[in-house]
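K.L.:
First the structure, which I've put down as structure tokens, then a few questions once you've had a look.
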Amino acid sequence: MTSDSHALTTTEHSPVAGLAHDASGGISNPILGMLLFITSEVMFFAGLFAAYFASRAAAAPWPPAEFEHTLEPFSLVFPATVMLVISSVTCQIGVNAIRRDDRAGFIRAIGLTLILGIVFLLIQVYDYGLLYSEGLTVAAGPYGTTYYTLTGFHGAHVFGGVIMLAVILYRGMAGQFSSRHHDAVEATSIYWHFVDVVWIGLYTTLYWLR
Amino acid sequence: MATTAPALTPAASGYRSGLYEWLTTTDHKKIGILYVTNSFIFFFLGGLLALGVRTELAQPGLQYLADENLYNELFTMHGTVMIFLFIIPMLVGFGNYVVPLQIGAPDMAFPRINALSFWMLPLAGILLFTGFVTGGAAAAGWTSYSPLAQDRPLGSVGPGQDLWIVGLLLIGTSSILGSINFLVTIFKMRAPGMTLFRMPILVWTVLVTSVLVLMATPVLTSALVMLFIDRNYGGSFFDPANGGNAVLWQNVFWFYSHPAVYIMVLPAMGMISEILPVFSRKPLFGYKAFVFATAGIGALGFSVWAHHMFTTGSVYLPFFSLMTFLIAVPTGVKMFNWIFTLFRGKLTFATPLLFALGFLSMFLIGGINGAFSAAVPVDFALHDTYWVVAHLHYVLFGGSVFGVFAGVYFWFPKMTGRMLGEGLGKVQFVLMFIGFNLTFFPMHALGLAGMPRRIADYASDAGWNELNLAATVGGFLIAASVLPFLWNVFVSLRSGKPAGDDPWEGNTLEWATSSPPPPYNFDHLPEIRSERPVFDLRHGRAGSGH
Amino acid sequence: MSSSPRTRFAPGSIWAWVLLASIAVGLILAVVTDSVGALFPPEAATAQGREIRDLYTIVFVIAAVIFFVVEGLIVWTVIRYRRRPGDDELPPQTHGNNLAEIAWTVVPTLIVTFLFVISWQTLNNVEAVSAEPEVTVRVTGSQFAWTFDYLDAGGTSVAKQTVANGEGGILALPVGRSIQFRVHSVDVIHAFYVPAFLFKRDVNPDPDGRESVFELTIKGSFAGEVLRGQCAELCGLGHRKMTFEVHAMTQANFEAWLIEAQQTPPPAPSGPVGTTLQLVAKDIAYDTLELEVPAGEPFAIEFDNQDLAGITHDVDIRLQDGTVVANTTEIDGGSSTTYVYGALDAGEYTFMCSIHPVPSMTGTLTVN
């Protein structure tokens with residue numbers, strides 16, 4: 001940049017941060033950064049899924065006899081899944097709202113998304129308790145280990161997403177977002193959709209494909 | 001209308017900043033220097049560990065180590081430290097310093113994350129070394145195969161292995177964040193006129209390396225996490241005693257660790273690709289071919305991982321053998337392009353060029369001896385012997401480390417405003433070159449004669465005594481060669497010749513600003529019409545050949 | 001722009017000559033001291049190994065040619081294109097040559113394809129497994145011992161040799177017959193490596209006990225030779241000691257050896273047992289490392305293996321120099337047995353687990 005903006009102090013951003021909204025257009029730096037981060041997270045889950053499928057192929061029968069009916073697709077995880085999917089919809093509603101400068105709509109939608117995310121986590125924790133009492137633990141052979149590792153790390157990612165949603169909700173309520181200035185919202189929503197897609201993959205693999 | 005670059009006043013005493021400035025900086029240049037300095041510290045520590053290994057192996061008989069497990073800790077930590085705390089972050093450090101300058105940007109895209117990425121490293125290093133005082137550091141090899149790495153009797157009992165896992169998780173996170181930073185910076189923050197195909201090759205290699213880091217490192221993260229669960233929560237991933245699969249670890253681990261070797265060498269190749277043109281006074285031969293070859297190595301690099309597992313009996317051998325052979329092709333393209341950069345040039349033998357020439361010769365040997373292992377039946381004989389130790393050190397030391405020193409001598413003037421002494425540089429080069437070859441060339445013969453890796457001692461009648469002694473002497477020579485280097489740095493920082501903006505008649509944008517550059521790098525950028533904007537400026541467009 | 005940097009360095013062309021000289025000296029030394037042979041594997045003891053060695057030779061020749069051509073080009077370029085002092089003119093600014101790029105992409109591709117094809121052919125020969133091998137040996141790796149079981153046609157072990165910490169039994173093999181090896185580990189990953197075979201195979205633990213199988217035929221000319229073998233996959237603190245010896249024998253000698261090997265361990269002694277000792281194994285350790293029995297009378301050890309199933313132990317007795325005195329049959333974790341031993345002369349002996357010859361399972365038996 002043949003930049004003459006030495007103004008380090010007069011603008012609200014340093015010249016470097018200001019480049020996030022550079023005039024050349026296209027995707028902004030933080031959003032590109034989030035997309036790349038999600039790529040790395042996809043590879044992380046790919047490693048876990050590879051281990052799952054390898055363990056499943058090597059250990060017959062799968063599920064093992066004692067856990068044949070432990071993971072039922074229409075158990076508690078079903079409403080949890082529905083809620084997570086709905087939360088992606090509400091999240092997108094929130095994004096669309098702030099794109100239109102509809103701050104109130106944004107706050108309602110993100111607030112709802114946040115609540116749905118928290119409920120998902122609570123259901124997951126409760127479900128873990130039920131599974132434990134049925135004997136499916138981390139140490140219950142490959143079946144248990146892979147189940148808890150995959151869903152546990154997914155849950156950790158949901159938790160991270162919940163934090164991000166809380167932060168943008170707070171910032172939105174503090175009036176920091178506008179239609180021209182809401183990168184954090186876009187980035188958070190991309191992340192939230194990713195978390196949802198991973199869950200759909202997990203739910204299908206662990207509960208349907210088995 | 002060609003003009004010479006305006007005379008720039010040297011920056012105010014930027015590097016006599018205090019400790020607080022260094023601890024809290026988000027400036028890519030200072031962070032780059034922090035990375036380089038931290039990496040050198042771990043280079044010396046890793047080197048000491050290697051000297052421990054070589055001292056014990058100099059003669060048959062366990063002379064110095066009463067506890068054989070300590071030997072296993074020495075080579076485990078040597079490999080771990082050199083890979084994760086020296087070479088990978090060293091190249092990140094150079095990338096951090098040079099890439100924003102070379103693309104005409106004022107800093108990296110995410111300066112605070114940049115600082116975070118750095119500071120995770122000393123913390124991780126401390127965690128790793130803490131193992132030595134908590135019952136033994138990790139001792140299952142840097143490859144940490146299960147079930148040996150599991151928490152079981154005669155396995156890896158104690159916190160050392162867990163500290164290793166956590167340390168590597170930190171380093172992996174640091175790497176991934178760094179790769180995101182580099183990719184966004186390179187894609188989004190290039191100065192006007194700098195199209196992708198006018199970027200310096202170093203920037204291209206950092207780009208491809210960052211893609212590898214982004215895609216491969218998380219797989220290592222998943223492997224480490226799974227091992228941690230096995231060790232601490234009764235998991236069943238990799239331990240057959242628990243229903244797990246030992247070879248699964250190898251597959252997941254090598255899926256990262258093979259691309260990792262390209263992560264460890266591509267930026268060094270980028271640095272060589274900057275240095276050879278400057279000291280030949282011609283452009284890099286075959287720029288576009290070079291870019292495609294780099295991308296090709298990156299892509300192919302994901303398809304060869306199981307060549308580390310040929311002797312398991314569990315992999316589809318022909319596929320991985322073919323891909324491994326094929327990856328020699330883009331590597332050869334690069335080698336020829338480098339040679340033909342020198343060809344018909346006018347060579348000046350400053351220290352950076354000497355190290356670059358050393359790189360070319362040593363990497364050639366490393367590439368050739370790797371081809372033997374690509375032939376699967378030959379690998380049945382050579383795998384897990386000292387042949388492989390020779391191969392990996394020829395490419396990583398003869399290759400990457402020589403590349404790093406070439407880069408140090410080349411960019412030290414830009415970073416500090418002072419030249420490193422040429423005399424001491426040449427002394428270092430000769431000692432290091434001789435020491436390196438004396439240490440590692442005999443290992444080809446040792447491997448062929450049947451000496452396996454990772455043994456603390458060997459039978460005195462196996463016929464390996466003289467070569468081991470020679471290798472140890474070479475190792476101490478390498479250690480000695482570091483001394484003129486350290487002295488050179490110490491003296492030059494204080495009273496080295498002032499460098500000026502452009503002591504080498506460089507080609508790329510970092511030479512268009514002061515040494516060291518001002519905080520946001522450029523007061524004025526030259527026009528960018530080729531991959532050698534400063535060369536064009538100096539010679540007018542007539543000199544660019546376009 | 002700063003002052004011309006050209007005048008700042010010595011031309012340094014001497015370095016090119018130094019490099020050339022050192023390569024020349026290195027070559028002369030290598031030929032004179034006959035160390036070129038050190039760059040080749042040893043003579044192969046097996047038919048498969050000979051194929052591997054032939055493949056190695058082809059790769060080596062191609063590698064040497066490539067090395068001398070490319071390194072020669074580097075050295076020649078470096079000498080020929082030194083910048084003369086005072087020469088400030090730019091050389092021709094050649095950016096590249098597409099024909100050259102094509103050439104040095106296509107030719108190496110052809111070379112590596114050739115190498116791939118011949119190595120695949122060799123691989124198929126090396127990996128061939130026959131339906132009816134003439135001799136079958138089960139190799140079990142443990143920390144830090146090798147157990148070699150000679151199997152009959154039905155898969156039952158008829159003779160066993162245990163090599164703990166490199167001492168004890170041997171791997172006797174006949175020449176000229178196809179030998180099938182079935183390898184597996186009972187704990188961590190090991191590797192079965194005999195340098196003279198130019199061959200190694202990982203010895204993996206498998207929850208179902210699956211074995212990895214390969215076949216070799218030793219050349220007739222190696223009858224009477226003793227070949228070194230060693231574990232080639234880091235397996236813990238006793239890795240360096242996990243060696244073994246291959247004794248190649250004529251078929252007749254092997255058959256005689258096998259008959260003798262079938263008779264060990266000697267049958268349990270008859271007669272009343274004098275003393276009975278108690279010994280427990282848990283976490284790969286005996287509960288005591290000091291035992292005492294009177295000399296001159298048979299004695300027994302009630303042995304309880306409290307490790308998990310899959311971890312086997314035994315209680316062998318050896319002289320302090322490693323000679324096997326009593327070779328017992330190991331028992332699985334979670335079981336116990338009583339071992340009966342013949343009378344011993346007074347002295348100090350070693351009692352140890354032949355599967356895990358580690359300090360925690362190596363003790364002193366005092367007979368007085």
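Chain identifiers are assigned as A, B, and so on, following the order in which chains appear in the structure tokens; residues are numbered from 1 within each chain, and ligands are numbered from 1 in order of appearance.
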Please run DSSP on the backbone and report, as a ChimeraX atom specification, all residues within segment 29-83 of chain C that come out as helix (DSSP H, G or I).

P.N.:
/C:29-32,35-39,47-80

K.L.:
Find the residues of chain B in contact range of chain A, meaning any atom within 8 Å when counting only C-alpha atoms, and list them as number ranges by chain.

P.N.:
B: 104-110, 176-177, 180-181, 184, 188-192, 214-223, 226, 233-237, 242-245, 248, 252, 523-525

K.L.:
Put those residues in a file: N, CA and C atoms, as a short mmCIF file (atom, residue, chain, number, x, y, z; two decimals), in the first residue's frame.

P.N.:
```cif
data_model
loop_
_atom_site.label_atom_id
_atom_site.label_comp_id
_atom_site.auth_asym_id
_atom_site.auth_seq_id
_atom_site.Cartn_x
_atom_site.Cartn_y
_atom_site.Cartn_z
N GLY B 104 5.14 -5.89 0.59
CA GLY B 104 4.82 -4.48 0.75
C GLY B 104 3.69 -4.20 1.73
N ALA B 105 3.55 -5.06 2.73
CA ALA B 105 2.49 -4.86 3.73
C ALA B 105 3.08 -4.25 4.99
N PRO B 106 2.27 -3.57 5.78
CA PRO B 106 2.81 -2.97 7.00
C PRO B 106 2.98 -3.94 8.16
N ASP B 107 2.29 -5.07 8.12
CA ASP B 107 2.42 -6.07 9.20
C ASP B 107 1.67 -7.32 8.74
N MET B 108 1.57 -8.28 9.65
CA MET B 108 0.76 -9.46 9.34
C MET B 108 -0.71 -9.12 9.56
N ALA B 109 -1.59 -10.00 9.08
CA ALA B 109 -3.02 -9.70 9.15
C ALA B 109 -3.53 -9.64 10.58
N PHE B 110 -3.03 -10.50 11.45
CA PHE B 110 -3.52 -10.56 12.82
C PHE B 110 -2.34 -10.45 13.78
N ILE B 176 -0.84 -23.68 13.70
CA ILE B 176 -2.06 -23.52 12.92
C ILE B 176 -2.47 -22.04 12.89
N LEU B 177 -2.41 -21.39 14.06
CA LEU B 177 -2.74 -19.97 14.08
C LEU B 177 -1.80 -19.20 13.16
N ILE B 180 -2.77 -19.56 9.50
CA ILE B 180 -3.93 -18.72 9.14
C ILE B 180 -3.46 -17.29 8.91
N ASN B 181 -2.58 -16.84 9.79
CA ASN B 181 -2.04 -15.49 9.67
C ASN B 181 -1.32 -15.31 8.34
N VAL B 184 -3.86 -15.34 5.25
CA VAL B 184 -4.65 -14.13 5.08
C VAL B 184 -3.75 -12.97 4.65
N LYS B 188 -4.42 -11.30 1.12
CA LYS B 188 -5.19 -10.05 1.20
C LYS B 188 -4.35 -8.79 1.32
N MET B 189 -3.08 -8.88 1.61
CA MET B 189 -2.38 -7.66 1.96
C MET B 189 -1.21 -7.34 1.05
N ARG B 190 -1.22 -7.87 -0.16
CA ARG B 190 -0.14 -7.54 -1.08
C ARG B 190 -0.30 -6.12 -1.60
N ALA B 191 0.83 -5.48 -1.82
CA ALA B 191 0.80 -4.11 -2.34
C ALA B 191 0.24 -4.11 -3.75
N PRO B 192 -0.31 -2.98 -4.18
CA PRO B 192 -0.86 -2.92 -5.53
C PRO B 192 0.22 -3.25 -6.56
N LEU B 214 -1.92 -25.94 7.82
CA LEU B 214 -3.33 -25.81 8.11
C LEU B 214 -4.06 -27.15 8.00
N MET B 215 -3.69 -27.94 6.99
CA MET B 215 -4.42 -29.17 6.72
C MET B 215 -3.86 -30.36 7.48
N ALA B 216 -2.58 -30.37 7.72
CA ALA B 216 -1.98 -31.57 8.31
C ALA B 216 -1.87 -31.51 9.83
N THR B 217 -1.51 -30.34 10.37
CA THR B 217 -1.26 -30.27 11.81
C THR B 217 -2.48 -30.68 12.64
N PRO B 218 -3.70 -30.31 12.22
CA PRO B 218 -4.83 -30.74 13.04
C PRO B 218 -4.96 -32.25 13.15
N VAL B 219 -4.45 -32.97 12.14
CA VAL B 219 -4.52 -34.42 12.23
C VAL B 219 -3.57 -34.90 13.33
N LEU B 220 -2.42 -34.26 13.46
CA LEU B 220 -1.53 -34.58 14.58
C LEU B 220 -2.22 -34.28 15.89
N THR B 221 -2.92 -33.12 15.91
CA THR B 221 -3.66 -32.77 17.13
C THR B 221 -4.61 -33.89 17.51
N SER B 222 -5.32 -34.41 16.51
CA SER B 222 -6.28 -35.48 16.83
C SER B 222 -5.55 -36.70 17.35
N ALA B 223 -4.40 -37.04 16.75
CA ALA B 223 -3.65 -38.21 17.22
C ALA B 223 -3.17 -38.01 18.65
N MET B 226 -6.02 -38.35 21.07
CA MET B 226 -6.42 -39.75 21.24
C MET B 226 -5.43 -40.49 22.12
N TYR B 233 -7.47 -41.88 30.33
CA TYR B 233 -8.88 -42.13 30.57
C TYR B 233 -9.28 -43.54 30.15
N GLY B 234 -8.29 -44.42 30.05
CA GLY B 234 -8.62 -45.81 29.72
C GLY B 234 -9.11 -45.99 28.31
N GLY B 235 -8.70 -45.12 27.40
CA GLY B 235 -9.18 -45.20 26.03
C GLY B 235 -8.65 -46.42 25.30
N SER B 236 -9.25 -46.71 24.17
CA SER B 236 -8.93 -47.92 23.41
C SER B 236 -8.58 -47.61 21.97
N PHE B 237 -7.89 -46.51 21.73
CA PHE B 237 -7.56 -46.21 20.34
C PHE B 237 -6.42 -47.07 19.84
N ASN B 242 -6.19 -53.18 25.05
CA ASN B 242 -7.49 -52.60 25.36
C ASN B 242 -8.47 -52.75 24.21
N GLY B 243 -8.08 -53.49 23.19
CA GLY B 243 -8.93 -53.59 22.01
C GLY B 243 -8.58 -52.60 20.93
N GLY B 244 -7.49 -51.87 21.08
CA GLY B 244 -7.13 -50.85 20.12
C GLY B 244 -6.23 -51.37 19.02
N ASN B 245 -5.77 -50.46 18.18
CA ASN B 245 -5.08 -50.81 16.94
C ASN B 245 -3.77 -50.04 16.88
N LEU B 248 -2.91 -48.02 13.72
CA LEU B 248 -3.72 -46.82 13.52
C LEU B 248 -2.95 -45.57 13.93
N VAL B 252 -2.27 -42.23 11.50
CA VAL B 252 -2.69 -40.87 11.80
C VAL B 252 -1.47 -39.97 12.02
N ASP B 523 7.96 3.83 3.99
CA ASP B 523 7.45 5.18 3.78
C ASP B 523 7.02 5.36 2.33
N HIS B 524 7.66 4.60 1.48
CA HIS B 524 7.38 4.77 0.05
C HIS B 524 7.70 3.46 -0.64
N LEU B 525 6.76 2.95 -1.43
CA LEU B 525 6.99 1.70 -2.12
C LEU B 525 7.33 1.95 -3.58
#
```

K.L.:
Wanna dump the chain C-chain B contacts at 6 Å for me, each residue with its shortest atom pair and the distance in Å to one decimal, counting only C-alpha atoms, ordered by chain and number, as CSV?

P.N.:
```
residue,atom,partner,partner_atom,distance
C:Pro5,CA,B:Pro503,CA,5.9
C:Gly12,CA,B:Phe349,CA,5.2
C:Ala38,CA,B:Ala445,CA,5.2
C:Leu39,CA,B:Ala445,CA,5.4
C:Pro41,CA,B:Leu448,CA,4.9
C:Ile52,CA,B:Pro377,CA,5.9
C:Thr77,CA,B:Phe343,CA,5.6
C:Tyr81,CA,B:Lys346,CA,5.5
C:Arg82,CA,B:Leu347,CA,4.6
C:Arg83,CA,B:Lys346,CA,4.4
C:Pro91,CA,B:Gly345,CA,5.6
C:Gln93,CA,B:Lys282,CA,5.2
C:His95,CA,B:Phe285,CA,5.1
C:Gly96,CA,B:Gly286,CA,4.3
C:Pro108,CA,B:Val329,CA,5.9
C:Val112,CA,B:Phe325,CA,5.7
C:Ser119,CA,B:Ala375,CA,5.4
C:Leu123,CA,B:Pro377,CA,5.5
C:Val188,CA,B:Pro147,CA,5.0
C:Pro195,CA,B:Gly450,CA,4.9
C:Leu198,CA,B:Ala381,CA,4.4
C:Phe199,CA,B:Ala381,CA,4.7
C:Lys200,CA,B:Phe380,CA,5.4
C:Arg201,CA,B:Thr311,CA,5.0
C:Asp202,CA,B:Thr312,CA,4.9
C:Asp206,CA,B:Pro240,CA,5.7
C:Pro207,CA,B:Pro240,CA,5.0
C:Ala232,CA,B:Pro452,CA,5.5
C:Leu237,CA,B:Asn69,CA,5.2
C:Arg240,CA,B:Ile455,CA,4.8
C:Asp283,CA,B:Pro153,CA,5.9
```

K.L.:
Can I get the selection written as a PDB file, in the first residue's frame, with C-alpha atoms?

P.N.:
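Below is the file that was written, selection_22.pdb:
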```pdb
ATOM      1  CA  PRO C   5      28.753  -3.958  -2.502  1.00  0.00           C
ATOM      2  CA  GLY C  12      36.107 -16.156  -2.890  1.00  0.00           C
ATOM      3  CA  ALA C  38      30.818 -50.052   2.561  1.00  0.00           C
ATOM      4  CA  LEU C  39      28.176 -48.402   0.444  1.00  0.00           C
ATOM      5  CA  PRO C  41      24.755 -54.173   1.729  1.00  0.00           C
ATOM      6  CA  ILE C  52      16.930 -57.094  -3.061  1.00  0.00           C
ATOM      7  CA  THR C  77      29.094 -23.790 -12.769  1.00  0.00           C
ATOM      8  CA  TYR C  81      30.901 -18.414 -13.605  1.00  0.00           C
ATOM      9  CA  ARG C  82      32.756 -16.637 -10.855  1.00  0.00           C
ATOM     10  CA  ARG C  83      32.418 -12.947 -11.064  1.00  0.00           C
ATOM     11  CA  PRO C  91      24.923 -11.226 -17.120  1.00  0.00           C
ATOM     12  CA  GLN C  93      18.924 -12.048 -17.544  1.00  0.00           C
ATOM     13  CA  HIS C  95      14.206 -16.051 -17.051  1.00  0.00           C
ATOM     14  CA  GLY C  96      13.821 -19.650 -18.054  1.00  0.00           C
ATOM     15  CA  PRO C 108      13.225 -37.877 -14.285  1.00  0.00           C
ATOM     16  CA  VAL C 112      11.530 -42.985 -11.455  1.00  0.00           C
ATOM     17  CA  SER C 119      11.145 -52.473  -7.489  1.00  0.00           C
ATOM     18  CA  LEU C 123       8.687 -56.870  -4.234  1.00  0.00           C
ATOM     19  CA  VAL C 188       4.728 -53.443  22.087  1.00  0.00           C
ATOM     20  CA  PRO C 195      20.923 -57.698   8.178  1.00  0.00           C
ATOM     21  CA  LEU C 198      18.425 -57.679   3.817  1.00  0.00           C
ATOM     22  CA  PHE C 199      15.020 -57.974   5.397  1.00  0.00           C
ATOM     23  CA  LYS C 200      12.946 -56.896   8.354  1.00  0.00           C
ATOM     24  CA  ARG C 201       9.280 -57.116   9.297  1.00  0.00           C
ATOM     25  CA  ASP C 202       7.485 -55.345  12.109  1.00  0.00           C
ATOM     26  CA  ASP C 206      -2.812 -57.710  17.719  1.00  0.00           C
ATOM     27  CA  PRO C 207      -5.807 -58.213  19.984  1.00  0.00           C
ATOM     28  CA  ALA C 232      14.768 -52.916  14.863  1.00  0.00           C
ATOM     29  CA  LEU C 237      14.656 -49.826  27.858  1.00  0.00           C
ATOM     30  CA  ARG C 240      19.474 -52.666  22.444  1.00  0.00           C
ATOM     31  CA  ASP C 283       3.152 -55.327  36.930  1.00  0.00           C
TER      32      ASP C 283
END
```

K.L.:
Need to verify the contact set: Met164 of chain A, 10 Å, only C-alpha atoms, exclusion of same-chain residues closer than 2 positions in sequence. Can you return it as a list in words?

P.N.:
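Returned residues: Leu114, Val158, Phe159, Gly160, Gly161, Val162, Ala166, Val167, Ile168, Leu169, Tyr170, Ala184, Val185, Ala187, Thr188, Ser189, Tyr191 and Trp192 of chain A.
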
K.L.:
Could the residues in this selection be written to a file with C-alpha atoms, as an mmCIF file, in the first residue's frame?

P.N.:
```
data_model
loop_
_atom_site.group_PDB
_atom_site.id
_atom_site.type_symbol
_atom_site.label_atom_id
_atom_site.label_comp_id
_atom_site.auth_asym_id
_atom_site.auth_seq_id
_atom_site.Cartn_x
_atom_site.Cartn_y
_atom_site.Cartn_z
ATOM 1 C CA LEU A 114 -27.560 -18.879 22.321
ATOM 2 C CA VAL A 158 -20.298 -26.083 20.729
ATOM 3 C CA PHE A 159 -19.159 -24.612 24.009
ATOM 4 C CA GLY A 160 -16.687 -22.403 22.163
ATOM 5 C CA GLY A 161 -19.471 -21.358 19.848
ATOM 6 C CA VAL A 162 -21.694 -20.545 22.795
ATOM 7 C CA ALA A 166 -22.534 -14.621 24.036
ATOM 8 C CA VAL A 167 -19.814 -12.185 23.072
ATOM 9 C CA ILE A 168 -21.542 -10.988 19.916
ATOM 10 C CA LEU A 169 -24.829 -10.801 21.762
ATOM 11 C CA TYR A 170 -23.225 -8.569 24.353
ATOM 12 C CA ALA A 184 -17.546 -10.780 14.174
ATOM 13 C CA VAL A 185 -21.168 -11.728 13.571
ATOM 14 C CA ALA A 187 -17.472 -15.095 11.468
ATOM 15 C CA THR A 188 -19.403 -16.444 14.438
ATOM 16 C CA SER A 189 -22.285 -17.570 12.286
ATOM 17 C CA TYR A 191 -18.444 -21.163 12.856
ATOM 18 C CA TRP A 192 -21.862 -22.013 14.254
#
```

K.L.:
Give me the segment 120-188 of chain C side of the contact with segment 243-246 of chain C, cut-off 6 Å, one line per residue showing its nearest atom pair and distance in Å at one decimal, counting only C-alpha atoms, sorted by chain and residue number, as a Markdown table.

P.N.:
```
| residue | atom | partner | partner_atom | distance |
| --- | --- | --- | --- | --- |
| C:Gly166 | CA | C:Thr243 | CA | 4.5 |
| C:Ile170 | CA | C:Glu245 | CA | 5.5 |
| C:Leu171 | CA | C:Val246 | CA | 4.7 |
| C:Ala172 | CA | C:Val246 | CA | 5.8 |
```

K.L.:
Store the residues picked out above, limited to N, CA and C atoms, as an mmCIF file, in the first residue's frame.

P.N.:
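selection-v9.cif was written with the following content:
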```cif
data_model
loop_
_atom_site.group_PDB
_atom_site.id
_atom_site.type_symbol
_atom_site.label_atom_id
_atom_site.label_comp_id
_atom_site.auth_asym_id
_atom_site.auth_seq_id
_atom_site.Cartn_x
_atom_site.Cartn_y
_atom_site.Cartn_z
ATOM 1 N N GLY C 166 19.304 -61.349 24.441
ATOM 2 C CA GLY C 166 20.360 -61.802 23.545
ATOM 3 C C GLY C 166 21.015 -63.095 23.961
ATOM 4 N N ILE C 170 18.867 -70.237 20.167
ATOM 5 C CA ILE C 170 19.263 -69.746 18.846
ATOM 6 C C ILE C 170 18.121 -69.978 17.871
ATOM 7 N N LEU C 171 18.192 -69.300 16.750
ATOM 8 C CA LEU C 171 17.236 -69.558 15.675
ATOM 9 C C LEU C 171 17.964 -70.404 14.643
ATOM 10 N N ALA C 172 17.786 -71.716 14.760
ATOM 11 C CA ALA C 172 18.426 -72.624 13.815
ATOM 12 C C ALA C 172 17.538 -72.746 12.598
#
```

K.L.:
Write out as a count of residues only all residues of segment 26-256 of chain C that backbone DSSP assigns to strand (DSSP E or B).

P.N.:
71

K.L.:
Have a look at C:Ile259, C:Ile23, C:Leu55, C:Val163 and name the one nearest to Asn437 of chain B; count only C-alpha atoms.

P.N.:
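That would be C:Ile23, the residue with the smallest distance to Asn437 of chain B.
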
K.L.:
Find, counting only C-alpha atoms, the residue in C:Val203, C:Asp149, C:Phe214, C:Leu110 that gets nearest to Pro133 of chain C.

P.N.:
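Among the listed residues, the smallest separation from Pro133 of chain C belongs to C:Phe214.
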
K.L.:
Given the choices C:Asp208, C:Glu132, C:Glu215, C:Glu167, which gets closest to chain A if the distance is worked out from only C-alpha atoms?

P.N.:
C:Asp208

K.L.:
Could you give me, as a ChimeraX atom specification, the residues within 6 Å of Ala309 of chain C, counting only C-alpha atoms and dropping anything in the same chain fewer than 3 positions from it?

P.N.:
/C:332-334

K.L.:
Could you take the residues named above and write them with C-alpha atoms, as a PDB file, in the first residue's frame?

P.N.:
```
ATOM      1  CA  ASP C 332      -0.845 -66.542  31.193  1.00  0.00           C
ATOM      2  CA  GLY C 333      -1.857 -63.680  33.408  1.00  0.00           C
ATOM      3  CA  GLY C 334      -4.517 -64.581  35.941  1.00  0.00           C
TER       4      GLY C 334
END
```

K.L.:
Measuring between only C-alpha atoms, which one of C:Ala191, C:Val25, C:Ile102, C:Met249 shows the shortest distance to Ser212 of chain C?

P.N.:
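Looking only at the distances to Ser212 of chain C, the closest residue turns out to be C:Ala191.
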
K.L.:
Using only C-alpha atoms, which residues sit within 12 Å of Ile93 of chain A once same-chain residues fewer than 2 positions away are excluded, as a ChimeraX atom specification?

P.N.:
/A:86-91,95-100,102-113,185-186,189

K.L.:
Give me the residues within 8 Å of Leu84 of chain A as a ChimeraX atom specification, counting only C-alpha atoms and dropping any in the same chain fewer than 3 places off.

P.N.:
/A:80-81,87-88,116-117,120,196

K.L.:
How about saving the chosen residues, C-alpha atoms kept, as an mmCIF file, in the first residue's frame?

P.N.:
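Final output, part.cif:
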```
data_model
loop_
_atom_site.group_PDB
_atom_site.id
_atom_site.type_symbol
_atom_site.label_atom_id
_atom_site.label_comp_id
_atom_site.auth_asym_id
_atom_site.auth_seq_id
_atom_site.Cartn_x
_atom_site.Cartn_y
_atom_site.Cartn_z
ATOM 1 C CA ALA A 80 -31.139 -32.105 20.658
ATOM 2 C CA THR A 81 -30.321 -32.431 16.981
ATOM 3 C CA SER A 87 -30.318 -22.733 16.091
ATOM 4 C CA SER A 88 -28.460 -22.499 12.783
ATOM 5 C CA LEU A 116 -30.728 -23.314 21.926
ATOM 6 C CA GLY A 117 -26.980 -23.900 22.022
ATOM 7 C CA PHE A 120 -28.102 -28.664 23.427
ATOM 8 C CA ASP A 196 -24.012 -27.847 13.206
#
```

K.L.:
Between atom CA of Ala295 of chain C and atom CA of Asn368 of chain C, what is the distance in Å, rounded to a tenth?

P.N.:
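Going from atom CA of Ala295 of chain C over to atom CA of Asn368 of chain C covers 5.1 Å.
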